[in-house]
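run-v6.txt (compact mmCIF, C-alpha atoms) appears below.
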# COMPACT_ATOMS: atom_id res chain seq x y z
CA MET A 1 -61.63 -21.84 26.33
CA SER A 2 -63.50 -25.15 26.45
CA LEU A 3 -61.61 -28.39 27.01
CA MET A 4 -62.62 -29.70 23.56
CA VAL A 5 -61.27 -26.59 21.84
CA GLU A 6 -58.05 -26.75 23.85
CA VAL A 7 -57.51 -30.44 23.03
CA SER A 8 -58.23 -29.77 19.36
CA GLU A 9 -55.65 -26.98 19.32
CA ARG A 10 -53.04 -29.24 20.91
CA LEU A 11 -53.65 -31.95 18.31
CA GLY A 12 -53.48 -29.26 15.64
CA ALA A 13 -50.06 -28.24 16.92
CA TYR A 14 -48.76 -31.80 16.42
CA LEU A 15 -50.31 -31.90 12.94
CA GLU A 16 -48.51 -28.68 12.07
CA GLN A 17 -45.24 -30.11 13.39
CA PHE A 18 -45.81 -33.26 11.32
CA SER A 19 -46.43 -31.18 8.20
CA ARG A 20 -43.08 -29.42 8.71
CA PHE A 21 -41.40 -32.73 9.50
CA GLU A 22 -42.62 -34.25 6.22
CA ARG A 23 -40.85 -31.51 4.28
CA LEU A 24 -37.43 -32.24 5.77
CA PRO A 25 -34.85 -33.79 3.42
CA GLY A 26 -35.08 -37.59 3.26
CA VAL A 27 -38.38 -37.81 5.16
CA GLY A 28 -41.13 -37.68 2.55
CA ASP A 29 -39.39 -40.03 0.13
CA SER A 30 -38.37 -42.65 2.70
CA TRP A 31 -39.87 -46.16 2.66
CA VAL A 32 -41.08 -45.60 6.25
CA HIS A 33 -43.08 -42.51 5.30
CA PRO A 34 -46.37 -44.40 4.71
CA LEU A 35 -45.97 -45.84 8.22
CA ARG A 36 -45.52 -42.34 9.59
CA GLN A 37 -48.59 -41.05 7.78
CA GLY A 38 -50.74 -43.94 8.97
CA ALA A 39 -49.57 -43.43 12.53
CA MET A 40 -50.28 -39.70 12.43
CA GLN A 41 -53.75 -40.34 11.13
CA ARG A 42 -54.35 -42.81 13.95
CA PHE A 43 -53.06 -40.34 16.55
CA THR A 44 -55.41 -37.60 15.36
CA GLU A 45 -58.31 -40.09 15.45
CA ARG A 46 -57.60 -41.18 19.01
CA GLY A 47 -56.01 -38.12 20.57
CA PHE A 48 -54.56 -38.25 24.06
CA PRO A 49 -56.42 -40.61 26.40
CA GLY A 50 -58.44 -39.21 29.29
CA THR A 51 -59.30 -40.57 32.72
CA ASP A 52 -62.52 -41.98 31.23
CA ASP A 53 -60.24 -44.50 29.51
CA GLU A 54 -59.92 -47.47 31.88
CA GLU A 55 -56.20 -47.79 31.15
CA TRP A 56 -55.65 -44.16 32.25
CA ARG A 57 -58.17 -43.95 35.09
CA PHE A 58 -55.60 -43.01 37.73
CA THR A 59 -53.24 -40.94 35.55
CA SER A 60 -54.45 -37.57 34.35
CA LEU A 61 -52.71 -36.16 31.29
CA ALA A 62 -54.11 -32.68 31.86
CA PRO A 63 -50.64 -31.24 32.68
CA LEU A 64 -49.22 -32.79 29.50
CA ARG A 65 -52.12 -31.62 27.35
CA GLY A 66 -51.83 -28.16 28.85
CA ALA A 67 -48.20 -27.70 27.81
CA SER A 68 -47.05 -26.62 24.36
CA PHE A 69 -44.04 -28.60 23.13
CA GLN A 70 -41.88 -27.89 20.10
CA PRO A 71 -39.49 -30.39 18.48
CA ALA A 72 -36.22 -30.32 20.41
CA ALA A 73 -33.52 -28.24 18.79
CA ALA A 74 -30.02 -29.51 18.15
CA ALA A 75 -27.68 -28.83 21.06
CA ALA A 76 -23.91 -28.92 21.43
CA ILE A 77 -22.45 -30.28 24.65
CA ALA A 78 -18.93 -30.49 26.03
CA PRO A 79 -17.48 -33.98 26.62
CA GLU A 80 -17.42 -33.39 30.38
CA THR A 81 -21.20 -32.96 30.34
CA LEU A 82 -21.50 -36.71 29.84
CA GLU A 83 -19.34 -37.72 32.80
CA PRO A 84 -22.17 -37.89 35.40
CA PHE A 85 -24.12 -40.19 33.09
CA ARG A 86 -21.50 -42.80 32.27
CA LEU A 87 -22.04 -46.26 33.73
CA GLY A 88 -18.51 -47.39 34.43
CA GLU A 89 -16.37 -50.38 33.58
CA GLY A 90 -19.16 -52.81 32.71
CA ILE A 91 -20.02 -50.76 29.63
CA GLY A 92 -18.11 -51.52 26.45
CA HIS A 93 -20.18 -49.70 23.85
CA GLN A 94 -22.01 -46.38 24.26
CA LEU A 95 -24.33 -44.58 21.87
CA VAL A 96 -25.20 -41.00 22.82
CA PHE A 97 -28.25 -39.11 21.61
CA VAL A 98 -28.55 -35.41 22.44
CA ASN A 99 -32.07 -34.00 22.14
CA GLY A 100 -33.02 -37.04 20.12
CA ARG A 101 -30.13 -36.78 17.64
CA TYR A 102 -27.38 -39.36 17.36
CA SER A 103 -24.02 -37.87 18.33
CA GLU A 104 -21.21 -39.80 16.73
CA GLU A 105 -18.77 -37.36 18.33
CA HIS A 106 -19.74 -38.37 21.86
CA SER A 107 -20.40 -42.06 21.20
CA SER A 108 -17.81 -44.77 21.74
CA LEU A 109 -18.59 -48.09 20.10
CA GLY A 110 -15.35 -49.87 20.91
CA THR A 111 -14.56 -53.15 19.14
CA LEU A 112 -17.68 -55.05 18.15
CA PRO A 113 -17.80 -58.80 17.50
CA ARG A 114 -18.04 -59.85 13.88
CA GLY A 115 -21.46 -59.12 12.40
CA VAL A 116 -22.77 -57.09 15.34
CA LEU A 117 -24.34 -53.77 14.36
CA VAL A 118 -24.77 -50.98 16.90
CA GLY A 119 -25.62 -47.52 15.65
CA SER A 120 -28.10 -44.99 14.39
CA LEU A 121 -31.59 -46.21 13.48
CA ARG A 122 -31.81 -43.46 10.86
CA LYS A 123 -28.75 -44.89 9.10
CA ALA A 124 -30.11 -48.44 9.38
CA ILE A 125 -33.40 -47.34 7.81
CA ASP A 126 -31.48 -45.80 4.92
CA ASP A 127 -28.79 -48.46 4.43
CA ARG A 128 -30.13 -51.73 5.90
CA ARG A 129 -33.78 -51.77 4.96
CA GLU A 130 -33.74 -55.55 4.55
CA LEU A 131 -32.91 -55.90 8.27
CA VAL A 132 -35.19 -53.19 9.63
CA GLU A 133 -38.37 -53.46 7.58
CA PRO A 134 -39.51 -56.93 8.75
CA HIS A 135 -39.53 -55.76 12.38
CA LEU A 136 -40.01 -52.00 12.69
CA THR A 137 -43.54 -51.22 14.05
CA ARG A 138 -44.50 -54.91 13.80
CA TYR A 139 -44.59 -55.42 17.58
CA THR A 140 -45.58 -51.97 18.88
CA ASP A 141 -49.23 -51.48 18.00
CA TYR A 142 -49.70 -47.79 17.28
CA ARG A 143 -53.34 -48.41 16.37
CA GLU A 144 -54.23 -48.94 20.04
CA ASN A 145 -51.65 -46.72 21.75
CA ALA A 146 -51.81 -42.98 21.06
CA PHE A 147 -48.27 -42.35 22.29
CA ALA A 148 -46.84 -45.17 20.18
CA ALA A 149 -48.71 -43.65 17.23
CA LEU A 150 -47.18 -40.23 17.94
CA ASN A 151 -43.72 -41.77 18.25
CA THR A 152 -44.14 -43.65 14.97
CA ALA A 153 -45.41 -40.53 13.19
CA PHE A 154 -42.18 -38.71 14.06
CA LEU A 155 -39.96 -41.77 13.64
CA ALA A 156 -36.62 -40.46 12.44
CA GLU A 157 -33.79 -41.23 14.81
CA GLY A 158 -32.94 -43.70 17.52
CA ALA A 159 -30.84 -46.77 18.16
CA PHE A 160 -30.48 -49.96 16.14
CA VAL A 161 -28.81 -53.09 17.50
CA LEU A 162 -28.39 -56.35 15.59
CA LEU A 163 -26.92 -59.36 17.37
CA PRO A 164 -26.26 -62.07 14.77
CA LYS A 165 -26.68 -65.76 15.42
CA ASP A 166 -24.61 -67.13 18.34
CA SER A 167 -22.86 -63.79 18.96
CA VAL A 168 -21.87 -63.00 22.54
CA MET A 169 -21.34 -59.45 23.84
CA GLU A 170 -18.86 -59.53 26.70
CA LYS A 171 -19.66 -55.97 27.80
CA ALA A 172 -22.92 -54.05 27.95
CA ILE A 173 -24.33 -51.67 25.33
CA HIS A 174 -25.37 -48.29 26.76
CA LEU A 175 -27.93 -46.22 24.84
CA LEU A 176 -27.94 -42.77 26.46
CA PHE A 177 -30.69 -40.31 25.53
CA LEU A 178 -29.74 -36.96 27.01
CA SER A 179 -32.10 -33.99 27.04
CA VAL A 180 -30.60 -30.51 27.02
CA PRO A 181 -33.73 -28.34 27.17
CA ASP A 182 -33.81 -24.63 26.46
CA GLU A 183 -36.37 -22.02 27.49
CA THR A 184 -39.04 -23.49 25.18
CA PRO A 185 -40.55 -26.82 26.32
CA ALA A 186 -39.36 -29.45 23.84
CA VAL A 187 -40.37 -32.95 22.79
CA THR A 188 -38.35 -35.89 21.48
CA HIS A 189 -39.53 -39.26 20.15
CA PRO A 190 -36.66 -41.76 20.59
CA ARG A 191 -37.05 -45.13 18.88
CA ILE A 192 -35.08 -48.30 19.66
CA LEU A 193 -35.04 -51.53 17.65
CA ILE A 194 -33.06 -54.48 19.05
CA LEU A 195 -32.82 -57.75 17.11
CA ALA A 196 -31.22 -60.67 18.93
CA GLU A 197 -30.89 -63.62 16.59
CA ALA A 198 -30.84 -67.27 17.65
CA GLY A 199 -28.33 -68.11 20.36
CA SER A 200 -27.05 -64.55 20.84
CA GLN A 201 -26.32 -63.04 24.25
CA ALA A 202 -26.07 -59.41 25.36
CA ARG A 203 -26.72 -56.89 28.10
CA LEU A 204 -28.29 -53.57 27.10
CA VAL A 205 -29.19 -50.35 28.90
CA GLU A 206 -31.53 -47.68 27.60
CA ASP A 207 -30.98 -44.60 29.73
CA TYR A 208 -32.96 -41.34 29.80
CA ALA A 209 -31.41 -38.36 31.57
CA SER A 210 -31.25 -34.56 31.52
CA VAL A 211 -28.73 -31.88 32.39
CA ASP A 212 -31.13 -29.43 34.05
CA GLY A 213 -34.59 -29.18 35.54
CA ASN A 214 -36.54 -27.63 32.66
CA VAL A 215 -39.89 -28.84 31.36
CA TYR A 216 -39.76 -31.21 28.38
CA PHE A 217 -41.45 -34.33 27.03
CA THR A 218 -39.81 -37.66 26.16
CA ASN A 219 -42.03 -40.06 24.20
CA SER A 220 -40.04 -43.23 23.55
CA ALA A 221 -40.80 -46.60 21.95
CA THR A 222 -38.65 -49.73 22.16
CA GLU A 223 -39.00 -53.03 20.31
CA VAL A 224 -36.85 -55.99 21.38
CA VAL A 225 -36.98 -59.26 19.43
CA VAL A 226 -35.36 -62.20 21.25
CA GLY A 227 -34.76 -65.10 18.88
CA GLU A 228 -34.66 -68.82 19.57
CA SER A 229 -32.44 -69.67 22.57
CA ALA A 230 -31.13 -66.10 22.72
CA SER A 231 -30.52 -64.49 26.11
CA ILE A 232 -30.96 -60.76 26.77
CA ASP A 233 -30.48 -58.79 30.00
CA HIS A 234 -32.21 -55.43 29.48
CA TYR A 235 -32.37 -52.31 31.65
CA LYS A 236 -34.42 -49.14 31.31
CA LEU A 237 -33.09 -46.38 33.54
CA GLN A 238 -35.19 -43.23 33.79
CA ARG A 239 -33.49 -40.42 35.75
CA GLU A 240 -34.88 -37.31 34.10
CA SER A 241 -35.80 -33.89 35.44
CA HIS A 242 -38.61 -33.81 37.99
CA ALA A 243 -40.29 -31.25 35.70
CA ALA A 244 -40.22 -33.64 32.73
CA PHE A 245 -42.94 -35.78 31.19
CA HIS A 246 -41.83 -39.28 30.26
CA VAL A 247 -44.03 -41.75 28.37
CA ALA A 248 -42.52 -45.03 27.18
CA THR A 249 -43.78 -48.04 25.26
CA LEU A 250 -41.66 -51.19 25.54
CA GLN A 251 -42.52 -54.26 23.48
CA PHE A 252 -40.68 -57.57 23.90
CA HIS A 253 -41.16 -60.57 21.65
CA LEU A 254 -39.66 -63.92 22.72
CA GLY A 255 -39.09 -66.89 20.45
CA ARG A 256 -38.67 -70.57 21.27
CA SER A 257 -36.57 -71.17 24.44
CA ALA A 258 -35.65 -67.48 24.50
CA SER A 259 -34.66 -65.88 27.80
CA LEU A 260 -35.21 -62.23 28.73
CA SER A 261 -34.71 -60.38 31.98
CA THR A 262 -35.76 -56.74 31.93
CA HIS A 263 -35.50 -54.19 34.72
CA SER A 264 -37.36 -50.88 34.75
CA ILE A 265 -35.85 -48.32 37.16
CA SER A 266 -37.97 -45.16 37.41
CA LEU A 267 -36.40 -42.41 39.50
CA GLY A 268 -37.05 -39.10 37.75
CA GLY A 269 -39.81 -37.37 35.85
CA GLY A 270 -42.73 -35.36 37.13
CA LEU A 271 -45.21 -37.58 35.29
CA THR A 272 -43.97 -40.99 34.12
CA ARG A 273 -45.87 -43.70 32.31
CA ASN A 274 -44.35 -47.04 31.24
CA ASP A 275 -46.33 -49.48 29.10
CA VAL A 276 -44.39 -52.75 29.15
CA ASN A 277 -45.66 -55.63 27.01
CA ALA A 278 -44.06 -59.03 26.51
CA VAL A 279 -45.24 -61.87 24.26
CA LEU A 280 -43.84 -65.36 24.84
CA ASP A 281 -44.39 -66.58 21.28
CA GLY A 282 -42.31 -69.74 21.37
CA ASN A 283 -42.35 -72.93 23.42
CA GLY A 284 -40.30 -72.72 26.59
CA GLY A 285 -39.85 -68.96 26.74
CA ASP A 286 -38.52 -67.56 30.01
CA LEU A 287 -39.20 -64.01 31.20
CA ALA A 288 -38.18 -62.03 34.29
CA LEU A 289 -39.96 -58.67 34.43
CA ASN A 290 -38.63 -56.52 37.27
CA GLY A 291 -39.31 -52.93 38.19
CA VAL A 292 -38.55 -50.45 40.93
CA TYR A 293 -39.77 -46.89 41.34
CA VAL A 294 -38.55 -44.43 43.95
CA VAL A 295 -40.43 -41.14 43.88
CA GLY A 296 -41.22 -38.20 46.13
CA GLY A 297 -42.48 -34.64 46.06
CA GLU A 298 -45.38 -34.39 43.59
CA GLN A 299 -44.05 -37.10 41.25
CA HIS A 300 -46.50 -39.46 39.57
CA VAL A 301 -45.36 -42.81 38.14
CA ASP A 302 -47.59 -45.30 36.32
CA HIS A 303 -46.62 -48.81 35.18
CA HIS A 304 -48.93 -50.86 32.96
CA THR A 305 -47.60 -54.32 32.10
CA VAL A 306 -48.95 -57.17 29.98
CA ILE A 307 -47.33 -60.61 29.84
CA ASP A 308 -48.88 -62.68 27.05
CA HIS A 309 -48.20 -66.41 27.20
CA ALA A 310 -49.03 -67.43 23.64
CA LYS A 311 -47.22 -70.81 23.55
CA PRO A 312 -46.84 -73.71 26.02
CA HIS A 313 -44.16 -74.38 28.64
CA GLY A 314 -43.49 -70.67 29.24
CA THR A 315 -42.30 -69.24 32.54
CA SER A 316 -42.65 -65.66 33.73
CA ARG A 317 -41.78 -63.96 37.00
CA GLU A 318 -42.86 -60.36 37.52
CA LEU A 319 -41.80 -58.30 40.54
CA TYR A 320 -42.40 -54.55 40.82
CA LYS A 321 -41.64 -52.59 43.97
CA GLY A 322 -42.31 -48.96 44.74
CA ILE A 323 -41.11 -46.54 47.40
CA LEU A 324 -43.12 -43.33 47.63
CA ALA A 325 -42.53 -40.29 49.84
CA ASP A 326 -44.18 -36.90 50.32
CA HIS A 327 -47.22 -36.47 48.02
CA ALA A 328 -46.03 -38.91 45.34
CA ARG A 329 -48.51 -41.05 43.45
CA GLY A 330 -47.99 -44.52 42.01
CA VAL A 331 -50.04 -46.77 39.72
CA PHE A 332 -49.40 -50.41 38.94
CA ASN A 333 -51.65 -52.34 36.56
CA GLY A 334 -50.28 -55.73 35.63
CA ARG A 335 -51.99 -58.35 33.50
CA ILE A 336 -50.95 -61.91 32.71
CA ILE A 337 -52.70 -63.56 29.76
CA VAL A 338 -52.51 -67.31 29.20
CA ARG A 339 -53.77 -68.29 25.74
CA PRO A 340 -55.75 -71.53 25.17
CA ASP A 341 -52.73 -73.28 23.62
CA ALA A 342 -50.29 -72.16 26.34
CA GLN A 343 -50.53 -75.28 28.51
CA LYS A 344 -47.88 -75.87 31.20
CA THR A 345 -47.48 -72.13 31.76
CA ASP A 346 -45.89 -71.13 35.06
CA ALA A 347 -46.44 -67.45 35.89
CA LYS A 348 -46.25 -65.32 39.01
CA GLN A 349 -46.86 -61.60 39.45
CA THR A 350 -46.12 -59.47 42.53
CA ASN A 351 -46.39 -55.77 43.27
CA ARG A 352 -45.30 -54.37 46.63
CA ASN A 353 -45.31 -50.75 47.73
CA LEU A 354 -43.78 -48.94 50.67
CA LEU A 355 -45.24 -45.56 51.63
CA LEU A 356 -42.92 -43.24 53.53
CA SER A 357 -45.60 -40.60 54.01
CA GLU A 358 -49.25 -40.52 55.02
CA ASN A 359 -49.82 -38.37 51.93
CA ALA A 360 -48.35 -40.82 49.40
CA LEU A 361 -50.80 -42.97 47.45
CA VAL A 362 -50.68 -46.10 45.28
CA ASN A 363 -53.32 -47.76 43.14
CA THR A 364 -52.43 -51.36 42.32
CA ASN A 365 -54.34 -53.86 40.20
CA PRO A 366 -52.72 -57.23 39.40
CA GLN A 367 -54.78 -59.39 37.02
CA LEU A 368 -54.83 -62.91 35.63
CA GLU A 369 -56.61 -63.90 32.42
CA ILE A 370 -56.30 -67.67 32.08
CA ASN A 371 -57.69 -69.56 29.09
CA ALA A 372 -55.88 -72.88 29.64
CA ASP A 373 -56.44 -75.52 32.30
CA ASP A 374 -52.97 -77.01 32.89
CA VAL A 375 -51.16 -73.98 34.32
CA LYS A 376 -49.67 -72.68 37.54
CA CYS A 377 -50.32 -68.97 38.03
CA GLY A 378 -50.47 -66.57 40.96
CA HIS A 379 -50.47 -62.89 41.76
CA GLY A 380 -50.48 -60.54 44.72
CA ALA A 381 -50.09 -56.94 45.83
CA THR A 382 -49.30 -55.15 49.09
CA ILE A 383 -49.23 -51.52 50.24
CA GLY A 384 -47.80 -50.60 53.62
CA GLN A 385 -45.55 -48.43 55.72
CA LEU A 386 -42.40 -49.18 57.68
CA ASP A 387 -43.09 -51.58 60.52
CA ALA A 388 -43.23 -49.52 63.74
CA ASP A 389 -42.26 -52.51 65.90
CA VAL A 390 -39.17 -53.25 63.81
CA LEU A 391 -38.20 -49.55 63.85
CA PHE A 392 -38.53 -49.55 67.64
CA TYR A 393 -36.38 -52.67 67.87
CA LEU A 394 -33.63 -51.16 65.73
CA ARG A 395 -33.69 -47.92 67.71
CA SER A 396 -33.49 -49.91 70.96
CA ARG A 397 -30.27 -51.39 69.58
CA GLY A 398 -28.71 -47.93 69.20
CA LEU A 399 -29.63 -46.91 65.65
CA ASP A 400 -30.85 -43.37 65.11
CA PRO A 401 -34.28 -43.00 63.38
CA GLU A 402 -32.88 -42.07 59.95
CA THR A 403 -30.43 -44.98 59.89
CA ALA A 404 -33.15 -47.40 60.97
CA ARG A 405 -35.53 -46.19 58.25
CA ARG A 406 -32.77 -46.37 55.65
CA LEU A 407 -31.85 -49.91 56.68
CA LEU A 408 -35.44 -51.14 56.41
CA THR A 409 -36.05 -49.35 53.13
CA HIS A 410 -32.90 -50.78 51.57
CA GLY A 411 -34.01 -54.20 52.72
CA PHE A 412 -37.37 -53.67 51.04
CA ILE A 413 -35.84 -53.37 47.56
CA SER A 414 -32.81 -55.60 48.06
CA ASP A 415 -34.31 -58.55 46.19
CA ILE A 416 -34.56 -56.35 43.09
CA SER A 417 -31.33 -54.38 43.46
CA GLU A 418 -29.39 -57.62 43.87
CA ARG A 419 -30.59 -58.70 40.42
CA ILE A 420 -29.13 -55.58 38.80
CA GLN A 421 -25.84 -56.68 37.26
CA ILE A 422 -24.48 -53.19 36.50
CA ASP A 423 -22.90 -51.51 39.52
CA ALA A 424 -23.51 -47.94 38.34
CA ILE A 425 -27.26 -48.54 38.06
CA ARG A 426 -27.39 -49.91 41.59
CA SER A 427 -25.41 -46.85 42.73
CA GLU A 428 -27.88 -44.50 41.04
CA LEU A 429 -30.75 -46.26 42.78
CA GLU A 430 -28.94 -45.98 46.11
CA LYS A 431 -28.28 -42.26 45.55
CA VAL A 432 -31.92 -41.44 44.86
CA LEU A 433 -33.08 -43.59 47.75
CA PHE A 434 -30.65 -41.82 50.08
CA ALA A 435 -32.03 -38.44 48.96
CA LYS A 436 -35.60 -39.55 49.64
CA LEU A 437 -34.61 -40.60 53.15
CA SER A 438 -32.46 -37.59 54.03
CA PRO A 439 -33.06 -36.15 57.51
CA GLY A 440 -35.44 -33.22 57.61
CA ARG A 441 -37.49 -34.18 54.54
CA GLN A 442 -41.12 -33.36 54.94
CA GLY A 443 -43.62 -36.18 54.72
CA ILE A 444 -41.37 -38.98 55.99
CA VAL A 445 -43.34 -41.12 58.41
Take the structure from the file and write it as structure tokens.
Amino acid sequence: MSLMVEVSERLGAYLEQFSRFERLPGVGDSWVHPLRQGAMQRFTERGFPGTDDEEWRFTSLAPLRGASFQPAAAAAIAPETLEPFRLGEGIGHQLVFVNGRYSEEHSSLGTLPRGVLVGSLRKAIDDRRELVEPHLTRYTDYRENAFAALNTAFLAEGAFVLLPKDSVMEKAIHLLFLSVPDETPAVTHPRILILAEAGSQARLVEDYASVDGNVYFTNSATEVVVGESASIDHYKLQRESHAAFHVATLQFHLGRSASLSTHSISLGGGLTRNDVNAVLDGNGGDLALNGVYVVGGEQHVDHHTVIDHAKPHGTSRELYKGILADHARGVFNGRIIVRPDAQKTDAKQTNRNLLLSENALVNTNPQLEINADDVKCGHGATIGQLDADVLFYLRSRGLDPETARRLLTHGFISDISERIQIDAIRSELEKVLFAKLSPGRQGIV
């Protein structure tokens, strides 16, 4: 079978799924249905990108294209199934989605401040159109992103969060998307819409996890709108099966004097791709874009980020760090754009990578695109291994080789882990890092 025929058949499978999806109750007659149809048309026009696409040059989708995924079936889980995935005392409100479906039974919203809405996106589409319609799909451009188009075509369920003006969330909101695969490889398309109105404050976690090691595909899209002088602390935790495919599109839109810190923690997945885009669309916007990826075995993780300074007096700080063992592969492509009117921009971008194996590989490409003259911008990237002289020094002071490596590796990511304000997320990062550095692992330098 030729590659063109195979790709055509795969696209045909999604078209068939979409045809069945359209016939479900409440889908074809919904106000979002024209959006779905337009997105599906765009997906079939573009198809999955190949390595001839500059944005995908180092990430082959051949394994994804070669798999046949069916929409994930509903699954029942026992309450104790969720225990390993809870994030502890700092969480006050938890929404649980099982195989892409909102589970009211397993969710615990707690007491919400007056006017705050946290719940199912499906319900918000049906009942709160006036809140959802001005924002849904406005920021995530499915015309240029095939996976965003596919997500929008199957847009049905996900999370909706509205933080009204001047509201303050004392405890974090946890959005848990749990995959419970069966014998047939399955796909879900989670969608998240977060609206933070002027002066609001909150901490949010979107969390992707699985209960076993089966093959499946998560294709998520998140839109976060940060209003004037609002402050959001956002986390994306990806701890899925090492046999899973995970593709995510995250779009952040900052208003005047808005503040956003976002942290991407990529630990699981066999093939992971995160497209993270932020637009500072108001004077004085402040953005901290942090990421850490810890991978081993045959894992492949790809981060593409774009920070768009559209208005003056904006500040952005981007720091991504990767630790790669065994035959793992990493890609970082970061771009900072400064528009002609964005004078007084202050932006810095850094990507650093630590290779724990001679077989691990990273491709990194930080970029600046500056169209204004009164700015302060910088970028840099490094790839290296543990310093042999420092290892020797630590061993000469009585530390065994594994402890010395662990100490240096922890130090490498400490400036990111210290910024994580949720203890359970730091613990999850520590657990995966410990596993990558366990004695006897092949490939450790």
Residues near stretch 344-347 of chain A, anyone? I mean within 6 Å using all atoms listed in the file, not counting same-chain ones fewer than 6 positions away, as a PDB file with C-alpha atoms, in the coordinates of the input.
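Output (result_32.pdb):
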ATOM      1  CA  PRO A 312     -46.840 -73.710  26.020  1.00  0.00           C
ATOM      2  CA  HIS A 313     -44.160 -74.380  28.640  1.00  0.00           C
ATOM      3  CA  GLY A 314     -43.490 -70.670  29.240  1.00  0.00           C
ATOM      4  CA  THR A 315     -42.300 -69.240  32.540  1.00  0.00           C
ATOM      5  CA  SER A 316     -42.650 -65.660  33.730  1.00  0.00           C
ATOM      6  CA  ARG A 317     -41.780 -63.960  37.000  1.00  0.00           C
ATOM      7  CA  ASP A 374     -52.970 -77.010  32.890  1.00  0.00           C
ATOM      8  CA  VAL A 375     -51.160 -73.980  34.320  1.00  0.00           C
ATOM      9  CA  LYS A 376     -49.670 -72.680  37.540  1.00  0.00           C
ATOM     10  CA  CYS A 377     -50.320 -68.970  38.030  1.00  0.00           C
TER      11      CYS A 377
END
- [ ] Select, from A:Leu237, A:Leu408, A:Ala388, A:Ala76, the residue with the minimum atom-to-atom distance to A:His174, counting all atoms listed in the file.
- [x]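 For A:His174, the nearest of the candidates is A:Leu237.
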Task: Coordinates-based distance that separates atom CA of A:Gly291 from atom CA of A:Asn214 (Å, one decimal) - done: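 Computing the Euclidean distance for atom CA of A:Asn214 and atom CA of A:Gly291 yields 26.0 Å.
Restricting the calculation to all atoms listed in the file, the smallest distance between A:Gly28 and any of A:Ala78, A:Val247, A:Ala153, A:Val294 is found for A:Ala153.
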Open item on the list: Neighbouring residues of A:Ala186 were defined as those with any atom within 9 Å, considering all atoms listed in the file; residues of the same chain fewer than 5 positions away were excluded. Please report them as a PyMOL selection string.
Closed with: chain A and resi 68-73+99+181+215-218
